[in-house]
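Source file model_38.txt; content: compact mmCIF, C-alpha atoms.
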# COMPACT_ATOMS: atom_id res chain seq x y z
CA LEU A 1 -8.84 17.64 8.95
CA GLN A 2 -7.78 16.48 12.40
CA TYR A 3 -5.90 13.36 13.39
CA MET A 4 -4.72 11.45 16.43
CA SER A 5 -1.15 10.15 16.49
CA GLY A 6 0.35 6.79 17.33
CA PHE A 7 0.69 3.37 15.72
CA GLY A 8 -1.63 0.69 17.15
CA ASN A 9 -2.75 2.90 20.01
CA GLU A 10 -6.01 2.56 21.91
CA HIS A 11 -7.78 5.63 20.54
CA VAL A 12 -11.03 7.23 21.68
CA SER A 13 -12.96 9.64 19.46
CA GLU A 14 -16.41 11.16 19.19
CA ASP A 15 -17.84 13.71 16.80
CA PRO A 16 -17.98 17.05 18.70
CA ARG A 17 -21.56 17.52 17.50
CA CYS A 18 -22.56 14.73 19.92
CA PRO A 19 -20.55 15.10 23.14
CA GLY A 20 -20.80 12.09 25.42
CA ALA A 21 -21.67 9.70 22.57
CA LEU A 22 -19.21 7.11 23.90
CA PRO A 23 -20.71 4.93 26.63
CA GLU A 24 -18.94 5.24 29.96
CA GLY A 25 -17.44 2.20 31.61
CA GLN A 26 -18.72 -0.44 29.17
CA ASN A 27 -18.86 -1.27 25.47
CA ASN A 28 -22.41 -2.47 24.96
CA PRO A 29 -24.99 -0.81 27.24
CA GLN A 30 -28.64 -1.70 27.07
CA VAL A 31 -29.33 1.73 25.55
CA CYS A 32 -26.46 3.68 23.97
CA PRO A 33 -26.26 7.49 24.23
CA TYR A 34 -28.25 9.37 21.56
CA GLY A 35 -30.05 6.13 20.67
CA LEU A 36 -27.02 4.80 18.77
CA TYR A 37 -26.27 1.17 17.93
CA ALA A 38 -23.09 -0.49 19.26
CA GLU A 39 -21.14 -2.57 16.73
CA GLN A 40 -17.76 -4.23 17.15
CA LEU A 41 -15.30 -4.54 14.24
CA SER A 42 -12.80 -7.33 14.93
CA GLY A 43 -9.48 -7.47 13.12
CA SER A 44 -8.23 -10.56 14.94
CA ALA A 45 -9.58 -13.67 16.59
CA PHE A 46 -11.16 -13.00 19.97
CA THR A 47 -8.55 -15.24 21.60
CA CYS A 48 -5.41 -13.64 20.12
CA PRO A 49 -2.80 -12.60 22.71
CA ARG A 50 -3.39 -9.07 23.96
CA PRO A 51 -0.44 -7.53 22.01
CA THR A 52 -1.94 -8.75 18.71
CA ASN A 53 -5.63 -8.44 19.55
CA LYS A 54 -7.30 -5.86 17.29
CA ARG A 55 -10.82 -4.54 17.61
CA SER A 56 -12.79 -1.31 17.69
CA TRP A 57 -16.26 -0.46 18.95
CA LEU A 58 -18.36 1.76 16.67
CA TYR A 59 -21.42 3.69 17.81
CA ARG A 60 -23.56 4.33 14.78
CA ILE A 61 -26.96 5.63 13.71
CA LEU A 62 -27.83 2.33 12.00
CA PRO A 63 -25.83 -0.92 12.13
CA SER A 64 -24.05 -2.00 8.98
CA VAL A 65 -26.24 -5.10 8.71
CA CYS A 66 -29.08 -3.02 7.20
CA HIS A 67 -28.64 -3.67 3.46
CA LYS A 68 -30.12 -5.69 0.62
CA PRO A 69 -28.45 -8.98 -0.42
CA PHE A 70 -25.08 -8.82 -2.17
CA LYS A 71 -24.97 -9.58 -5.88
CA PRO A 72 -21.93 -10.11 -8.13
CA LEU A 73 -20.46 -6.92 -9.57
CA GLU A 74 -18.62 -7.23 -12.86
CA GLU A 75 -16.31 -4.27 -12.72
CA GLY A 76 -12.59 -3.60 -12.90
CA HIS A 77 -9.71 -5.96 -13.47
CA LEU A 78 -9.32 -7.53 -10.04
CA THR A 79 -8.27 -11.17 -9.90
CA HIS A 80 -6.51 -13.75 -7.78
CA ASP A 81 -6.31 -16.27 -10.62
CA TRP A 82 -2.56 -16.66 -10.78
CA ASP A 83 -2.77 -19.39 -13.45
CA GLU A 84 -4.50 -17.42 -16.20
CA ILE A 85 -1.21 -17.05 -18.07
CA GLU A 86 2.13 -18.89 -18.13
CA PRO A 87 4.76 -17.83 -15.56
CA ASP A 88 7.45 -15.39 -16.68
CA PRO A 89 10.77 -15.38 -14.77
CA ASN A 90 12.23 -12.46 -16.73
CA GLN A 91 13.06 -9.04 -15.34
CA LEU A 92 9.90 -7.04 -15.99
CA ARG A 93 9.41 -3.30 -16.19
CA TRP A 94 6.29 -1.29 -16.92
CA LYS A 95 5.97 2.17 -18.40
CA PRO A 96 3.72 4.56 -16.46
CA PHE A 97 0.22 3.14 -16.31
CA GLU A 98 -2.23 5.19 -18.35
CA ILE A 99 -5.01 7.16 -16.68
CA PRO A 100 -8.19 7.33 -18.79
CA LYS A 101 -9.46 10.76 -19.72
CA ALA A 102 -12.70 11.67 -17.97
CA PRO A 103 -14.72 12.78 -21.05
CA GLN A 104 -14.07 9.44 -22.78
CA LYS A 105 -14.36 7.12 -19.78
CA LYS A 106 -15.23 8.02 -16.20
CA MET A 107 -13.48 5.73 -13.79
CA ASP A 108 -13.49 5.85 -10.00
CA PHE A 109 -11.22 4.10 -7.50
CA VAL A 110 -13.08 0.77 -7.62
CA SER A 111 -13.53 0.56 -11.38
CA GLY A 112 -9.89 1.66 -11.74
CA LEU A 113 -8.42 -1.24 -9.75
CA HIS A 114 -6.16 -3.52 -11.81
CA THR A 115 -4.33 -6.54 -10.39
CA LEU A 116 -0.72 -6.68 -11.61
CA CYS A 117 0.70 -9.68 -9.76
CA GLY A 118 0.33 -11.75 -6.63
CA ALA A 119 0.41 -15.16 -4.95
CA GLY A 120 -1.58 -17.14 -2.44
CA GLU A 121 -5.29 -17.34 -1.93
CA PRO A 122 -7.68 -15.21 0.16
CA ARG A 123 -9.79 -18.17 1.25
CA GLY A 124 -6.73 -19.77 2.81
CA ARG A 125 -5.80 -16.43 4.44
CA ASN A 126 -2.25 -16.43 3.13
CA GLY A 127 -1.03 -14.34 0.23
CA ILE A 128 -0.56 -10.93 -1.31
CA ALA A 129 -1.57 -9.00 -4.40
CA VAL A 130 -0.16 -5.89 -6.07
CA HIS A 131 -2.76 -3.65 -7.69
CA ILE A 132 -2.53 -0.48 -9.76
CA PHE A 133 -5.32 2.10 -9.45
CA VAL A 134 -6.06 4.73 -12.09
CA CYS A 135 -9.09 6.99 -11.79
CA ASN A 136 -10.47 10.35 -12.82
CA THR A 137 -13.70 10.70 -10.85
CA SER A 138 -14.82 10.37 -7.25
CA MET A 139 -16.87 7.53 -5.78
CA ILE A 140 -20.43 8.86 -5.57
CA ASP A 141 -22.83 7.15 -3.15
CA ARG A 142 -20.75 4.02 -3.05
CA CYS A 143 -18.08 2.61 -0.78
CA LEU A 144 -15.76 -0.41 -0.71
CA TYR A 145 -14.64 -2.78 1.98
CA ASN A 146 -12.11 -5.59 1.63
CA SER A 147 -13.15 -8.88 3.22
CA ASP A 148 -9.93 -10.52 2.02
CA GLY A 149 -7.23 -8.43 3.68
CA ASP A 150 -5.56 -5.07 4.20
CA PHE A 151 -4.89 -2.41 1.56
CA LEU A 152 -1.67 -0.38 1.79
CA ILE A 153 -2.33 2.49 -0.63
CA VAL A 154 0.52 4.49 -2.22
CA PRO A 155 -0.76 7.49 -4.22
CA GLN A 156 1.62 8.56 -6.98
CA GLN A 157 -0.34 11.26 -8.82
CA GLY A 158 -3.21 13.22 -7.32
CA LYS A 159 -4.42 13.36 -3.75
CA LEU A 160 -7.09 11.13 -2.21
CA LEU A 161 -9.73 12.31 0.24
CA ILE A 162 -10.68 9.06 1.92
CA THR A 163 -13.85 8.91 3.99
CA THR A 164 -13.93 5.95 6.38
CA GLU A 165 -16.22 4.77 9.14
CA PHE A 166 -13.65 6.24 11.55
CA GLY A 167 -13.39 9.66 9.90
CA LYS A 168 -11.67 11.38 6.98
CA MET A 169 -8.05 11.30 5.79
CA LEU A 170 -6.36 13.35 3.08
CA VAL A 171 -3.58 11.28 1.52
CA GLU A 172 -1.21 12.92 -0.96
CA PRO A 173 1.74 11.61 -2.99
CA ASN A 174 4.67 10.84 -0.65
CA GLU A 175 2.16 9.69 1.95
CA ILE A 176 0.69 6.21 2.39
CA CYS A 177 -2.42 4.95 4.12
CA VAL A 178 -3.57 1.56 5.33
CA ILE A 179 -7.23 0.53 5.21
CA GLN A 180 -7.47 -2.64 7.24
CA GLN A 181 -9.69 -5.64 6.54
CA GLY A 182 -13.42 -4.94 6.74
CA MET A 183 -13.26 -1.13 6.98
CA ARG A 184 -15.64 0.69 4.68
CA PHE A 185 -14.21 3.61 2.74
CA SER A 186 -14.93 5.90 -0.19
CA VAL A 187 -12.36 7.80 -2.28
CA GLU A 188 -12.76 11.33 -3.60
CA VAL A 189 -10.26 12.54 -6.21
CA PHE A 190 -9.50 15.93 -7.74
CA GLY A 191 -8.48 15.04 -11.27
CA GLU A 192 -6.42 12.33 -12.92
CA THR A 193 -5.14 10.07 -10.15
CA ARG A 194 -2.84 7.04 -10.04
CA GLY A 195 -1.12 4.86 -7.48
CA TYR A 196 -0.16 1.46 -6.18
CA ILE A 197 -1.72 -0.93 -3.66
CA LEU A 198 -0.15 -3.74 -1.67
CA GLU A 199 -2.82 -6.13 -0.41
CA VAL A 200 -2.04 -8.77 2.22
CA TYR A 201 -4.26 -11.71 3.16
CA GLY A 202 -4.06 -13.21 6.62
CA ALA A 203 -1.78 -10.71 8.38
CA HIS A 204 -1.81 -7.08 9.41
CA PHE A 205 0.96 -4.56 8.89
CA GLU A 206 3.12 -3.73 11.88
CA LEU A 207 6.29 -1.82 12.59
CA PRO A 208 9.46 -3.89 12.08
CA ASP A 209 11.51 -4.91 15.09
CA LEU A 210 14.53 -2.65 15.60
CA GLY A 211 16.95 -5.13 17.20
CA PRO A 212 20.43 -3.62 17.70
CA ILE A 213 19.23 -0.28 16.27
CA GLY A 214 17.65 0.29 19.67
CA ALA A 215 14.46 1.95 20.81
CA ASN A 216 14.16 4.63 18.09
CA GLY A 217 14.47 4.95 14.35
CA LEU A 218 12.96 4.07 10.98
CA ALA A 219 9.22 4.87 11.09
CA ASN A 220 8.46 6.28 14.53
CA PRO A 221 5.08 5.26 16.01
CA ARG A 222 4.02 8.83 16.83
CA ASP A 223 4.16 9.84 13.15
CA PHE A 224 1.27 7.59 12.16
CA LEU A 225 -2.03 9.47 12.06
CA VAL A 226 -5.55 8.17 12.70
CA PRO A 227 -8.71 10.10 11.69
CA VAL A 228 -11.10 11.53 14.28
CA ALA A 229 -14.77 10.57 14.37
CA TRP A 230 -17.01 12.21 11.78
CA TYR A 231 -20.51 11.18 10.79
CA GLU A 232 -23.21 12.01 8.28
CA ASP A 233 -26.87 11.24 8.94
CA ARG A 234 -27.82 11.11 5.27
CA GLN A 235 -30.61 9.22 3.57
CA VAL A 236 -29.97 8.08 0.00
CA PRO A 237 -33.36 7.31 -1.55
CA GLY A 238 -31.79 6.41 -4.89
CA GLY A 239 -29.67 3.76 -3.19
CA TYR A 240 -26.20 3.71 -1.68
CA THR A 241 -23.98 0.94 -3.05
CA VAL A 242 -21.77 -1.01 -0.63
CA ILE A 243 -19.13 -3.01 -2.50
CA SER A 244 -17.43 -6.00 -0.91
CA LYS A 245 -14.21 -7.52 -2.20
CA TYR A 246 -14.81 -11.12 -1.16
CA GLN A 247 -12.67 -14.12 -2.17
CA GLY A 248 -11.06 -12.01 -4.86
CA LYS A 249 -14.30 -10.90 -6.51
CA LEU A 250 -16.56 -7.86 -6.17
CA PHE A 251 -20.11 -7.91 -4.86
CA ALA A 252 -22.55 -5.01 -4.44
CA ALA A 253 -25.43 -4.44 -2.02
CA GLN A 254 -27.89 -1.56 -1.85
CA GLN A 255 -28.97 0.42 1.19
CA ASP A 256 -30.82 3.70 1.62
CA TYR A 257 -28.43 5.50 3.98
CA SER A 258 -24.79 6.53 4.19
CA PRO A 259 -22.51 3.94 5.86
CA PHE A 260 -20.41 6.76 7.33
CA ASN A 261 -22.81 7.19 10.24
CA VAL A 262 -20.42 6.42 13.10
CA VAL A 263 -20.83 9.13 15.73
CA ALA A 264 -18.14 7.82 18.09
CA TRP A 265 -15.67 4.96 18.34
CA HIS A 266 -12.88 3.55 20.45
CA GLY A 267 -10.31 0.82 19.92
CA ASN A 268 -6.99 -0.09 18.32
CA TYR A 269 -8.22 -1.34 14.93
CA THR A 270 -8.28 1.74 12.70
CA PRO A 271 -7.25 3.13 9.33
CA TYR A 272 -4.10 5.23 9.43
CA LYS A 273 -1.72 7.27 7.29
CA TYR A 274 1.99 8.13 7.33
CA HIS A 275 4.18 10.70 5.57
CA LEU A 276 7.29 9.11 4.07
CA GLU A 277 9.42 12.21 4.71
CA LYS A 278 9.21 11.43 8.44
CA PHE A 279 11.19 8.19 8.01
CA MET A 280 14.44 8.24 10.01
CA VAL A 281 16.99 6.77 7.61
CA ILE A 282 19.71 4.38 8.79
CA ASN A 283 22.71 3.91 6.50
CA ALA A 284 26.32 2.67 6.29
CA VAL A 285 28.88 5.29 7.43
CA ALA A 286 32.14 3.36 6.90
CA PHE A 287 32.10 0.96 3.94
CA ASP A 288 29.86 -1.45 2.01
CA HIS A 289 26.06 -1.61 2.00
CA ALA A 290 23.61 -2.35 4.70
CA ASP A 291 20.86 -4.53 3.23
CA PRO A 292 17.73 -2.69 2.03
CA SER A 293 15.77 -4.11 4.97
CA ILE A 294 17.05 -1.05 6.88
CA PHE A 295 14.51 0.96 4.85
CA THR A 296 11.45 -1.08 5.96
CA VAL A 297 8.50 1.11 6.94
CA LEU A 298 5.92 -1.61 7.62
CA THR A 299 5.97 -5.39 7.60
CA ALA A 300 3.36 -8.14 7.50
CA LYS A 301 4.93 -11.15 9.15
CA THR A 302 4.62 -14.88 8.51
CA THR A 303 4.83 -17.54 11.19
CA ARG A 304 8.53 -18.03 10.29
CA ALA A 305 10.76 -15.76 12.32
CA GLY A 306 12.27 -12.97 10.25
CA VAL A 307 10.42 -13.92 7.04
CA ALA A 308 7.83 -11.44 5.78
CA LEU A 309 4.67 -12.13 3.91
CA ALA A 310 5.25 -8.59 2.65
CA ASP A 311 7.49 -5.66 3.50
CA PHE A 312 6.91 -2.06 2.46
CA VAL A 313 10.35 -0.52 1.87
CA ILE A 314 11.30 2.99 0.71
CA PHE A 315 14.48 4.54 -0.71
CA PRO A 316 14.33 8.12 0.57
CA PRO A 317 16.75 11.05 0.19
CA ARG A 318 19.86 10.48 2.32
CA TRP A 319 23.63 10.93 2.51
CA GLY A 320 26.04 8.47 0.89
CA VAL A 321 29.44 8.46 2.62
CA ALA A 322 30.78 4.89 2.36
CA ASN A 323 34.50 4.65 1.57
CA ASN A 324 35.97 2.34 -1.09
CA THR A 325 32.44 1.22 -1.93
CA PHE A 326 30.32 0.84 -5.04
CA ARG A 327 27.51 2.98 -3.69
CA PRO A 328 24.45 2.18 -5.86
CA PRO A 329 22.49 -1.02 -5.11
CA TYR A 330 24.58 -4.10 -5.74
CA TYR A 331 23.87 -6.87 -8.25
CA HIS A 332 21.57 -9.32 -6.61
CA ARG A 333 19.69 -12.61 -6.78
CA ASN A 334 17.10 -12.92 -4.05
CA CYS A 335 14.92 -15.63 -2.48
CA MET A 336 12.27 -12.90 -2.18
CA SER A 337 10.13 -11.24 -4.89
CA GLU A 338 10.68 -7.51 -5.39
CA PHE A 339 8.13 -5.17 -6.97
CA MET A 340 9.34 -1.58 -7.23
CA GLY A 341 7.45 1.60 -7.94
CA LEU A 342 8.45 5.24 -8.25
CA ILE A 343 6.45 8.10 -6.75
CA LYS A 344 8.66 10.91 -8.03
CA GLY A 345 12.14 11.69 -9.36
CA HIS A 346 14.73 9.28 -10.81
CA TYR A 347 15.81 6.05 -9.16
CA GLU A 348 19.56 6.01 -8.61
CA ALA A 349 20.27 2.59 -10.17
CA LYS A 350 18.24 3.21 -13.34
CA GLU A 351 17.92 6.90 -14.13
CA GLU A 352 16.37 6.20 -17.53
CA GLY A 353 13.41 3.97 -18.27
CA PHE A 354 12.13 3.53 -14.71
CA GLN A 355 9.55 6.31 -14.49
CA PRO A 356 7.09 7.67 -11.91
CA GLY A 357 3.82 5.80 -12.19
CA GLY A 358 5.50 2.73 -13.68
CA GLY A 359 6.99 -0.28 -11.97
CA SER A 360 9.32 -3.26 -12.12
CA LEU A 361 9.25 -6.85 -10.89
CA HIS A 362 12.33 -8.90 -10.17
CA SER A 363 11.04 -12.33 -9.35
CA MET A 364 12.47 -14.95 -7.04
CA MET A 365 16.13 -15.65 -7.93
CA THR A 366 15.97 -13.49 -11.08
CA PRO A 367 19.19 -11.42 -11.24
CA HIS A 368 18.97 -7.65 -11.24
CA GLY A 369 21.00 -4.57 -10.43
CA PRO A 370 22.32 -1.28 -11.82
CA ASP A 371 22.22 -0.68 -15.54
CA ALA A 372 25.42 -0.27 -17.54
CA ASP A 373 25.52 3.54 -17.35
CA CYS A 374 25.06 3.50 -13.60
CA PHE A 375 27.82 0.89 -13.13
CA GLU A 376 30.36 2.79 -15.20
CA LYS A 377 29.55 6.12 -13.58
CA ALA A 378 29.65 4.80 -10.01
CA SER A 379 32.82 2.78 -10.59
CA LYS A 380 34.72 5.93 -11.59
CA ALA A 381 33.14 8.46 -9.26
CA LYS A 382 35.22 10.38 -6.75
CA LEU A 383 34.04 9.16 -3.36
CA GLU A 384 32.96 12.20 -1.42
CA PRO A 385 29.96 12.68 0.84
CA GLU A 386 27.01 13.13 -1.50
CA ARG A 387 23.28 13.48 -1.33
CA VAL A 388 21.51 10.44 -2.73
CA ALA A 389 17.98 10.44 -4.16
CA ASP A 390 17.17 14.10 -3.53
CA GLY A 391 13.77 14.88 -5.03
CA THR A 392 13.08 11.16 -5.42
CA MET A 393 10.96 8.56 -3.67
CA ALA A 394 11.13 4.96 -4.84
CA PHE A 395 9.60 2.09 -2.91
CA MET A 396 9.52 -1.69 -2.90
CA PHE A 397 6.89 -4.29 -2.08
CA GLU A 398 8.98 -7.32 -1.10
CA SER A 399 7.49 -10.75 -0.42
CA SER A 400 8.64 -14.25 0.47
CA LEU A 401 6.03 -15.55 -2.00
CA SER A 402 6.76 -16.25 -5.66
CA LEU A 403 4.57 -13.76 -7.52
CA ALA A 404 2.65 -14.53 -10.69
CA VAL A 405 1.90 -11.74 -13.15
CA THR A 406 -1.65 -11.37 -14.47
CA LYS A 407 -2.71 -11.33 -18.08
CA TRP A 408 -3.54 -7.65 -17.64
CA GLY A 409 0.00 -6.99 -16.45
CA LEU A 410 1.73 -8.90 -19.25
CA GLN A 411 -0.61 -8.17 -22.15
CA THR A 412 -3.81 -6.18 -21.72
CA SER A 413 -2.29 -3.10 -20.09
CA ASN A 414 0.09 -2.70 -23.04
CA ARG A 415 2.58 -1.01 -20.70
CA LEU A 416 5.23 -3.73 -20.47
CA ASP A 417 8.67 -2.49 -21.55
CA LYS A 418 9.89 -5.30 -23.78
CA ASN A 419 13.33 -3.70 -24.09
CA TYR A 420 14.08 -3.71 -20.36
CA TYR A 421 16.74 -6.41 -20.65
CA LYS A 422 18.76 -4.19 -22.99
CA CYS A 423 19.82 -1.87 -20.14
CA TRP A 424 22.32 -4.55 -19.06
CA GLU A 425 23.60 -5.53 -22.52
CA PRO A 426 26.34 -2.85 -22.62
CA LEU A 427 27.95 -4.29 -19.46
CA LYS A 428 31.43 -5.50 -20.43
CA SER A 429 34.17 -7.52 -18.83
CA HIS A 430 36.87 -5.56 -17.00
CA PHE A 431 38.75 -8.71 -16.02
CA ASN A 432 42.53 -8.56 -16.28
CA PRO A 433 44.43 -11.50 -14.74
CA LYS A 434 47.65 -9.43 -14.70
CA CYS A 435 46.20 -6.52 -12.74
CA LYS A 436 45.03 -7.04 -9.16
Full structure transcribed into structure tokens:
Amino acid sequence: LQYMSGFGNEHVSEDPRCPGALPEGQNNPQVCPYGLYAEQLSGSAFTCPRPTNKRSWLYRILPSVCHKPFKPLEEGHLTHDWDEIEPDPNQLRWKPFEIPKAPQKKMDFVSGLHTLCGAGEPRGRNGIAVHIFVCNTSMIDRCLYNSDGDFLIVPQQGKLLITTEFGKMLVEPNEICVIQQGMRFSVEVFGETRGYILEVYGAHFELPDLGPIGANGLANPRDFLVPVAWYEDRQVPGGYTVISKYQGKLFAAQQDYSPFNVVAWHGNYTPYKYHLEKFMVINAVAFDHADPSIFTVLTAKTTRAGVALADFVIFPPRWGVANNTFRPPYYHRNCMSEFMGLIKGHYEAKEEGFQPGGGSLHSMMTPHGPDADCFEKASKAKLEPERVADGTMAFMFESSLSLAVTKWGLQTSNRLDKNYYKCWEPLKSHFNPKCK
């Protein structure tokens, strides 16, 4: 597979089987090369300022409008009904989400989508949702597009071969990909597969501002990869199913050809992927902690300066060198909501209980922090330079919204760890008024 590099770049790509498929000097000629149709995909309002204006022109064998009417599709556990169950302000932790076995129940990426928590409303174009996907079979003659927002996909087990209108991407654990609003894609898997999705309504992901850090650091733009054009001119007499996620529900339409028939394209509105090992880590080198915002890979901003609709944050391998400092994450109450997942290894603040393929949610102003074992160990450790989180990759979806957990998350999944609170019960007072 081939890729082009750069975040938000103006890319140009055509399938080498059809050289010269891109029109020269204009977007919409009277007759396109090779008899193709021109179609624009807009990711922003036409009148957005140039730095935030997102669109791509696709040159395809048939336009995407050629399909039968959409009909409701009852499949999966997707929802944006945040009132289906009473709120729960407790610290929540989930055991690894179970992947069904193929012989008993075949499940592809769409049927394996389960909404865990979220807030806001797609019709109002403001909100987020956290989904878990578990699947064991590939999508056959069907694709999905999200009318509501962007998907940031974090595979945890198993690799994904994602075919999009722009080309193909292979996304493996420790990589992420973003499929932006409206882009059609299909997912091929190679066995039991699991991962996490952060969905945002009403904003697109962008690189965080660097401020005093300067011009370089964190996720570098050149490390983001965009697929090159690839098409198939394939008829599907039995019917190809196009699935739309629209206002939080699924709808399906039939057509008799593959939607991945884009021979060439150009623009700055594309799917993309990124390898988390390429993140340039910033950290404290004297004393105390820098806030975890220094680990932000991508952010989806609100209209309030410095306040994110959602941040995607990672906790990668790094050196810990701070002097006279309790080095694990500090105890914390936050005006943001924090969902954490684990791709591999053991998270430093909770080496037991928080497992790859599981998750935790610390809601707005709910206290959280290291468990008792971690506190005692770190309080007595000899402070030498040490490697932190080797062989591990934890991440956080952080949002300024107050997230509600779904009925599936609290009950139906049967993965909630009801003993989570007990990891803090052994914490004891060390207070001695006679000893400073």
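Proximity ranking of A:Lys301, A:Lys436, A:His289, A:Arg17 relative to Trp230 in chain A places A:Arg17 first, based on all atoms listed in the file.
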Write out as a ChimeraX atom specification the residues lying within 6 Å of range 380-391 of chain A, counting only C-alpha atoms and excluding same-chain residues fewer than 4 positions away. /A:317-321,345
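Of the listed residues (A:Asp148, A:Asp288, A:Glu39, A:Glu165), A:Glu165 comes nearest to Tyr231 in chain A; the distances count all atoms listed in the file.
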Nearest-residue call for Asn334 in chain A, choices A:Pro367, A:Ser64, A:Tyr196, A:Tyr240, using all atoms listed in the file: A:Pro367
Would you list the contacts of Lys428 in chain A as a ChimeraX atom specification, taking every protein, DNA or RNA residue within 12 Å and counting all atoms listed in the file, but skipping same-chain residues closer than 4 positions in sequence? /A:371-373,375-376,424
With N, CA, C and O atoms retained, output range 307-321 of chain A as a PDB file, in the first residue's frame.
ATOM      1  N   VAL A 307     -10.802  25.245  24.917  1.00  0.00           N
ATOM      2  CA  VAL A 307     -11.707  24.218  25.445  1.00  0.00           C
ATOM      3  C   VAL A 307     -12.069  23.268  24.310  1.00  0.00           C
ATOM      4  O   VAL A 307     -12.603  23.691  23.280  1.00  0.00           O
ATOM      5  N   ALA A 308     -11.791  21.985  24.505  1.00  0.00           N
ATOM      6  CA  ALA A 308     -11.979  20.998  23.436  1.00  0.00           C
ATOM      7  C   ALA A 308     -13.333  20.315  23.540  1.00  0.00           C
ATOM      8  O   ALA A 308     -13.784  19.959  24.642  1.00  0.00           O
ATOM      9  N   LEU A 309     -13.952  20.136  22.392  1.00  0.00           N
ATOM     10  CA  LEU A 309     -15.070  19.210  22.315  1.00  0.00           C
ATOM     11  C   LEU A 309     -14.554  17.820  22.644  1.00  0.00           C
ATOM     12  O   LEU A 309     -15.170  17.062  23.403  1.00  0.00           O
ATOM     13  N   ALA A 310     -13.385  17.482  22.089  1.00  0.00           N
ATOM     14  CA  ALA A 310     -12.736  16.210  22.396  1.00  0.00           C
ATOM     15  C   ALA A 310     -11.254  16.312  22.075  1.00  0.00           C
ATOM     16  O   ALA A 310     -10.872  16.913  21.070  1.00  0.00           O
ATOM     17  N   ASP A 311     -10.448  15.741  22.938  1.00  0.00           N
ATOM     18  CA  ASP A 311      -9.015  15.573  22.697  1.00  0.00           C
ATOM     19  C   ASP A 311      -8.704  14.083  22.639  1.00  0.00           C
ATOM     20  O   ASP A 311      -9.279  13.290  23.397  1.00  0.00           O
ATOM     21  N   PHE A 312      -7.779  13.723  21.760  1.00  0.00           N
ATOM     22  CA  PHE A 312      -7.236  12.368  21.752  1.00  0.00           C
ATOM     23  C   PHE A 312      -5.820  12.455  22.301  1.00  0.00           C
ATOM     24  O   PHE A 312      -4.948  13.104  21.718  1.00  0.00           O
ATOM     25  N   VAL A 313      -5.602  11.818  23.457  1.00  0.00           N
ATOM     26  CA  VAL A 313      -4.364  11.932  24.227  1.00  0.00           C
ATOM     27  C   VAL A 313      -3.772  10.539  24.405  1.00  0.00           C
ATOM     28  O   VAL A 313      -4.514   9.572  24.625  1.00  0.00           O
ATOM     29  N   ILE A 314      -2.443  10.412  24.308  1.00  0.00           N
ATOM     30  CA  ILE A 314      -1.798   9.116  24.530  1.00  0.00           C
ATOM     31  C   ILE A 314      -0.769   9.225  25.646  1.00  0.00           C
ATOM     32  O   ILE A 314      -0.316  10.322  25.992  1.00  0.00           O
ATOM     33  N   PHE A 315      -0.416   8.068  26.213  1.00  0.00           N
ATOM     34  CA  PHE A 315       0.595   8.002  27.277  1.00  0.00           C
ATOM     35  C   PHE A 315       1.677   7.020  26.830  1.00  0.00           C
ATOM     36  O   PHE A 315       1.701   5.857  27.233  1.00  0.00           O
ATOM     37  N   PRO A 316       2.588   7.489  25.987  1.00  0.00           N
ATOM     38  CA  PRO A 316       3.541   6.591  25.328  1.00  0.00           C
ATOM     39  C   PRO A 316       4.772   6.312  26.190  1.00  0.00           C
ATOM     40  O   PRO A 316       4.991   6.956  27.233  1.00  0.00           O
ATOM     41  N   PRO A 317       5.602   5.364  25.790  1.00  0.00           N
ATOM     42  CA  PRO A 317       6.873   5.130  26.477  1.00  0.00           C
ATOM     43  C   PRO A 317       7.725   6.403  26.485  1.00  0.00           C
ATOM     44  O   PRO A 317       7.789   7.133  25.499  1.00  0.00           O
ATOM     45  N   ARG A 318       8.391   6.652  27.633  1.00  0.00           N
ATOM     46  CA  ARG A 318       9.148   7.895  27.803  1.00  0.00           C
ATOM     47  C   ARG A 318      10.065   7.753  29.004  1.00  0.00           C
ATOM     48  O   ARG A 318      10.010   6.770  29.744  1.00  0.00           O
ATOM     49  N   TRP A 319      10.889   8.759  29.233  1.00  0.00           N
ATOM     50  CA  TRP A 319      11.752   8.799  30.413  1.00  0.00           C
ATOM     51  C   TRP A 319      11.087   9.624  31.510  1.00  0.00           C
ATOM     52  O   TRP A 319      10.497  10.673  31.249  1.00  0.00           O
ATOM     53  N   GLY A 320      11.191   9.128  32.751  1.00  0.00           N
ATOM     54  CA  GLY A 320      10.789   9.891  33.929  1.00  0.00           C
ATOM     55  C   GLY A 320      12.037  10.297  34.694  1.00  0.00           C
ATOM     56  O   GLY A 320      12.833   9.438  35.081  1.00  0.00           O
ATOM     57  N   VAL A 321      12.227  11.598  34.887  1.00  0.00           N
ATOM     58  CA  VAL A 321      13.465  12.089  35.527  1.00  0.00           C
ATOM     59  C   VAL A 321      13.190  13.135  36.597  1.00  0.00           C
ATOM     60  O   VAL A 321      14.133  13.682  37.180  1.00  0.00           O
TER      61      VAL A 321
END
